[in-house]
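Only one structure is covered here, and it is reproduced in the block below.
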Amino acid sequence: MKKSIYSMLCVTLLASLVFVDGCKKDDAVVTPEDKTVPNDVFPLIAAHRFDYSGYFTNQDTETPIAGTSAFYSNSWTLGGNTPFSAIFGATYGGLISANNGGRTSASLIYDTTLTAPGGPKKFTPIFAYYDTATTDYYYMTNLGLFFRGSVVKDSANAAGVRKDSLRFIKLASPKAGLGGEFEAFKQSYVSYSNPVALTTIDLTITGKWDSKVDVTVNGTTYSTYYLVISRTAKVGTTTVSGGVTAKLWLAKGIGPVKMFLAGDAEVPGNYRELKTKSF
């Protein structure tokens, strides 16, 4: 009798263990992957300075130009909100404003790059802004090469290509989330390369948050959000040109700690890694 009771207790206990274990498996909480991209991936704060090492790349490829890493240096210094006219003059500043929704100013980034051993240093003004309403970042890009290559003019009788090549495009849209894509720019243009048979070219620029990744540059490791910007030009359904225009590794509260900026037939590209920052 004692043995029977003991056996019953063992069976009951075993059944309890199986039941409890089964509940644990069935009720297990699976934490979804966090795909959030923080809004402060590039704080546009005046006086922030970034110093980069790196090298020049061949046209729009990521192939290094031999020997350039030995002297290459670049710095970004944020100068605060600045009127376009302060850099481009009143006339062209007004044209930029007219073609960019009436905006007259933005945060100015002083991009300074050493182009050869011992100099000179090339200064390139970069305008950018953060839209608090949409939580999107925008920066000014130059469509001049596209206009010249596609002969985009105001009219058939115009002496040269269109003058509104400086346009703001969406640089980053954090709300798209990791793995998400967003449209940075889209517009159709008339090409006068063949005056007899005019062609419409559709230019589209897109961005994609590829992944969250740790990168180590110049001895320091950062947790970054990897962003890829690409362009496509089409005539109808046929792609006539395309490719990656930029790759950015953005750290929360800091900004770009690594980047590739594609060049073209007129200027080389840039690969950069953060060395030091002022904050």
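Going by the structure tokens order, chains are called A, B, ..., each with residues numbered from 1, while ligands are numbered from 1 in the order shown.
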Surrounding residues of Asn157 in chain A excluding itself and chain neighbours under 5 positions, 12 Å, only C-alpha atoms, as a VMD selection string = chain A and resid 152 162 192 195
Dump as a PDB file, in the first residue's frame, selection limited to N, CA, C and O atoms:
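Contents of selection-v5.pdb, as written:
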ATOM      1  N   VAL A 152      19.737  68.919 -69.543  1.00  0.00           N
ATOM      2  CA  VAL A 152      18.477  69.394 -68.973  1.00  0.00           C
ATOM      3  C   VAL A 152      18.494  70.925 -68.993  1.00  0.00           C
ATOM      4  O   VAL A 152      19.305  71.555 -68.311  1.00  0.00           O
ATOM      5  N   ARG A 162      19.954  74.006 -66.986  1.00  0.00           N
ATOM      6  CA  ARG A 162      19.206  74.684 -65.932  1.00  0.00           C
ATOM      7  C   ARG A 162      20.127  75.111 -64.793  1.00  0.00           C
ATOM      8  O   ARG A 162      21.106  74.446 -64.477  1.00  0.00           O
ATOM      9  N   TYR A 192      17.278  67.688 -73.616  1.00  0.00           N
ATOM     10  CA  TYR A 192      17.368  68.294 -74.945  1.00  0.00           C
ATOM     11  C   TYR A 192      18.590  67.766 -75.689  1.00  0.00           C
ATOM     12  O   TYR A 192      19.107  68.415 -76.602  1.00  0.00           O
ATOM     13  N   PRO A 195      17.292  67.373 -79.909  1.00  0.00           N
ATOM     14  CA  PRO A 195      16.234  68.373 -80.091  1.00  0.00           C
ATOM     15  C   PRO A 195      15.066  67.899 -80.939  1.00  0.00           C
ATOM     16  O   PRO A 195      13.954  68.411 -80.821  1.00  0.00           O
TER      17      PRO A 195
END
Might you pull out every residue within 9 Å of Ala47 in chain A, with only C-alpha atoms counted and same-chain residues fewer than 3 positions away left off, and present them as a list in words?
-> Thr77, Leu78, Gly79, Gly80 and Ser278 of chain A
Show which residues sit within 10 Å of Thr216 in chain A, as number ranges by chain. Count only C-alpha atoms, and ignore same-chain residues fewer than 5 positions away.
-> A: 221-223, 257-258, 273-274
Would you put the residues from that selection into a file with N, CA and C atoms, as a compact mmCIF listing (two decimals), in the first residue's frame?
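So the final result, stored in out_16.txt, reads:
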# COMPACT_ATOMS: atom_id res chain seq x y z
N THR A 221 35.20 52.34 -30.97
CA THR A 221 34.04 51.58 -31.48
C THR A 221 32.76 52.36 -31.21
N TYR A 222 31.93 52.45 -32.22
CA TYR A 222 30.65 53.15 -32.12
C TYR A 222 29.52 52.22 -32.55
N SER A 223 28.37 52.36 -31.90
CA SER A 223 27.16 51.69 -32.34
C SER A 223 26.49 52.60 -33.36
N VAL A 257 30.20 58.78 -38.31
CA VAL A 257 31.53 58.37 -37.82
C VAL A 257 32.31 57.66 -38.92
N LYS A 258 31.60 57.27 -39.98
CA LYS A 258 32.24 56.70 -41.15
C LYS A 258 31.34 57.00 -42.34
N GLU A 273 36.82 58.24 -42.12
CA GLU A 273 36.64 57.64 -40.80
C GLU A 273 36.94 58.71 -39.74
N LEU A 274 36.07 58.80 -38.75
CA LEU A 274 36.22 59.82 -37.71
C LEU A 274 37.48 59.60 -36.89
Measuring atom to atom with only C-alpha atoms, identify which of A:Tyr271, A:Phe84, A:Trp209, A:Tyr137 is nearest to Ile229 in chain A.
->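 Checking each of A:Tyr271, A:Phe84, A:Trp209, A:Tyr137 against Ile229 in chain A, counting only C-alpha atoms, the winner is A:Trp209.
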Counting only C-alpha atoms, figure out which residue out of A:Ala70, A:Leu250, A:Val213, A:Ile201 gets nearest to Leu171 in chain A.
->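 The answer is A:Leu250, which sits nearest to Leu171 in chain A.
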Please run DSSP on the backbone and report, as an NGL selection string, all residues within range 77-261 of chain A that come out as strand (DSSP E).
-> :A and (77-83 or 105-114 or 121-131 or 136-142 or 166-172 or 181-191 or 199-217 or 220-235 or 238-251 or 255-261)
Where in range 29-258 of chain A does DSSP assign alpha helix (DSSP H), given as number ranges by chain?
-> A: 85-98, 144-150
Writer output for current selection, N, CA, C and O atoms, as an mmCIF file, in the first residue's frame:
data_model
loop_
_atom_site.group_PDB
_atom_site.id
_atom_site.type_symbol
_atom_site.label_atom_id
_atom_site.label_comp_id
_atom_site.auth_asym_id
_atom_site.auth_seq_id
_atom_site.Cartn_x
_atom_site.Cartn_y
_atom_site.Cartn_z
ATOM 1 N N SER A 85 22.247 83.317 -49.189
ATOM 2 C CA SER A 85 22.849 84.481 -49.831
ATOM 3 C C SER A 85 24.227 84.797 -49.266
ATOM 4 O O SER A 85 25.058 85.409 -49.953
ATOM 5 N N ALA A 86 24.499 84.380 -48.027
ATOM 6 C CA ALA A 86 25.800 84.650 -47.418
ATOM 7 C C ALA A 86 26.913 83.864 -48.111
ATOM 8 O O ALA A 86 28.074 84.266 -48.080
ATOM 9 N N ILE A 87 26.565 82.759 -48.734
ATOM 10 C CA ILE A 87 27.543 81.907 -49.424
ATOM 11 C C ILE A 87 27.476 82.088 -50.931
ATOM 12 O O ILE A 87 28.505 82.181 -51.616
ATOM 13 N N PHE A 88 26.266 82.171 -51.473
ATOM 14 C CA PHE A 88 26.097 82.169 -52.927
ATOM 15 C C PHE A 88 25.748 83.537 -53.515
ATOM 16 O O PHE A 88 25.624 83.666 -54.734
ATOM 17 N N GLY A 89 25.586 84.547 -52.661
ATOM 18 C CA GLY A 89 25.193 85.860 -53.147
ATOM 19 C C GLY A 89 23.677 85.990 -53.214
ATOM 20 O O GLY A 89 22.949 84.991 -53.196
ATOM 21 N N ALA A 90 23.207 87.216 -53.311
ATOM 22 C CA ALA A 90 21.770 87.478 -53.251
ATOM 23 C C ALA A 90 21.003 86.862 -54.415
ATOM 24 O O ALA A 90 19.943 86.266 -54.236
ATOM 25 N N THR A 91 21.549 86.983 -55.642
ATOM 26 C CA THR A 91 20.819 86.500 -56.821
ATOM 27 C C THR A 91 20.667 84.983 -56.803
ATOM 28 O O THR A 91 19.553 84.461 -56.919
ATOM 29 N N TYR A 92 21.791 84.274 -56.679
ATOM 30 C CA TYR A 92 21.710 82.811 -56.709
ATOM 31 C C TYR A 92 21.089 82.272 -55.426
ATOM 32 O O TYR A 92 20.395 81.258 -55.452
ATOM 33 N N GLY A 93 21.306 82.971 -54.310
ATOM 34 C CA GLY A 93 20.653 82.573 -53.060
ATOM 35 C C GLY A 93 19.149 82.639 -53.185
ATOM 36 O O GLY A 93 18.425 81.787 -52.672
ATOM 37 N N GLY A 94 18.668 83.660 -53.907
ATOM 38 C CA GLY A 94 17.230 83.783 -54.144
ATOM 39 C C GLY A 94 16.706 82.671 -55.027
ATOM 40 O O GLY A 94 15.587 82.171 -54.822
ATOM 41 N N LEU A 95 17.505 82.252 -56.028
ATOM 42 C CA LEU A 95 17.105 81.151 -56.906
ATOM 43 C C LEU A 95 17.011 79.845 -56.119
ATOM 44 O O LEU A 95 16.067 79.069 -56.315
ATOM 45 N N ILE A 96 17.980 79.622 -55.236
ATOM 46 C CA ILE A 96 17.950 78.418 -54.396
ATOM 47 C C ILE A 96 16.693 78.408 -53.535
ATOM 48 O O ILE A 96 16.002 77.397 -53.421
ATOM 49 N N SER A 97 16.381 79.549 -52.960
ATOM 50 C CA SER A 97 15.180 79.666 -52.126
ATOM 51 C C SER A 97 13.919 79.380 -52.935
ATOM 52 O O SER A 97 13.034 78.635 -52.499
ATOM 53 N N ALA A 98 13.835 79.949 -54.140
ATOM 54 C CA ALA A 98 12.652 79.775 -54.988
ATOM 55 C C ALA A 98 12.440 78.326 -55.386
ATOM 56 O O ALA A 98 11.297 77.882 -55.562
ATOM 57 N N GLY A 144 24.131 69.201 -60.847
ATOM 58 C CA GLY A 144 24.760 69.797 -62.026
ATOM 59 C C GLY A 144 25.264 68.792 -63.037
ATOM 60 O O GLY A 144 25.047 68.958 -64.250
ATOM 61 N N LEU A 145 25.956 67.740 -62.578
ATOM 62 C CA LEU A 145 26.479 66.740 -63.515
ATOM 63 C C LEU A 145 25.342 66.031 -64.244
ATOM 64 O O LEU A 145 25.421 65.783 -65.456
ATOM 65 N N PHE A 146 24.267 65.727 -63.519
ATOM 66 C CA PHE A 146 23.104 65.095 -64.148
ATOM 67 C C PHE A 146 22.500 66.023 -65.201
ATOM 68 O O PHE A 146 22.164 65.589 -66.317
ATOM 69 N N PHE A 147 22.382 67.306 -64.877
ATOM 70 C CA PHE A 147 21.837 68.273 -65.831
ATOM 71 C C PHE A 147 22.713 68.358 -67.072
ATOM 72 O O PHE A 147 22.214 68.401 -68.203
ATOM 73 N N ARG A 148 24.041 68.400 -66.872
ATOM 74 C CA ARG A 148 24.948 68.532 -68.017
ATOM 75 C C ARG A 148 24.962 67.261 -68.869
ATOM 76 O O ARG A 148 24.924 67.321 -70.096
ATOM 77 N N GLY A 149 25.010 66.104 -68.203
ATOM 78 C CA GLY A 149 25.050 64.843 -68.934
ATOM 79 C C GLY A 149 23.785 64.562 -69.704
ATOM 80 O O GLY A 149 23.810 63.956 -70.789
ATOM 81 N N SER A 150 22.649 65.005 -69.144
ATOM 82 C CA SER A 150 21.354 64.745 -69.786
ATOM 83 C C SER A 150 20.854 65.945 -70.585
ATOM 84 O O SER A 150 19.767 65.900 -71.165
#
Find the residues of range 133-233 of chain A that sit at most 6 Å from range 246-249 of chain A; for each, write down the nearest two atoms and how far apart they are in Å, to one decimal. Count only C-alpha atoms. Sort by chain, then by number going up, and give it as CSV.
residue,atom,partner,partner_atom,distance
A:Thr224,CA,A:Trp249,CA,5.5
A:Tyr225,CA,A:Trp249,CA,5.5
A:Tyr226,CA,A:Trp249,CA,4.5
A:Leu227,CA,A:Leu248,CA,5.1
A:Val228,CA,A:Lys247,CA,4.6
A:Ile229,CA,A:Ala246,CA,5.1
Where does range 211-255 of chain A meet range 36-46 of chain A within 8 Å, residue by residue, with the nearest atom pair and distance in Å to one decimal for each, counting only C-alpha atoms, listed by chain and rising number, as a Markdown table?
| residue | atom | partner | partner_atom | distance |
| --- | --- | --- | --- | --- |
| A:Tyr225 | CA | A:Val37 | CA | 7.2 |
| A:Leu250 | CA | A:Val41 | CA | 5.7 |
| A:Ala251 | CA | A:Val41 | CA | 5.6 |
| A:Lys252 | CA | A:Val41 | CA | 4.5 |
| A:Gly253 | CA | A:Asp40 | CA | 5.3 |
| A:Ile254 | CA | A:Phe42 | CA | 5.9 |
| A:Gly255 | CA | A:Phe42 | CA | 3.9 |
Quick one: residues within 6 Å of Pro268 in chain A, only C-alpha atoms counted, chain neighbours fewer than 4 positions away excluded, as a list in words?
->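 Listed by chain and then number, they are Thr57, Asn58, Gln59 and Gly263 of chain A.
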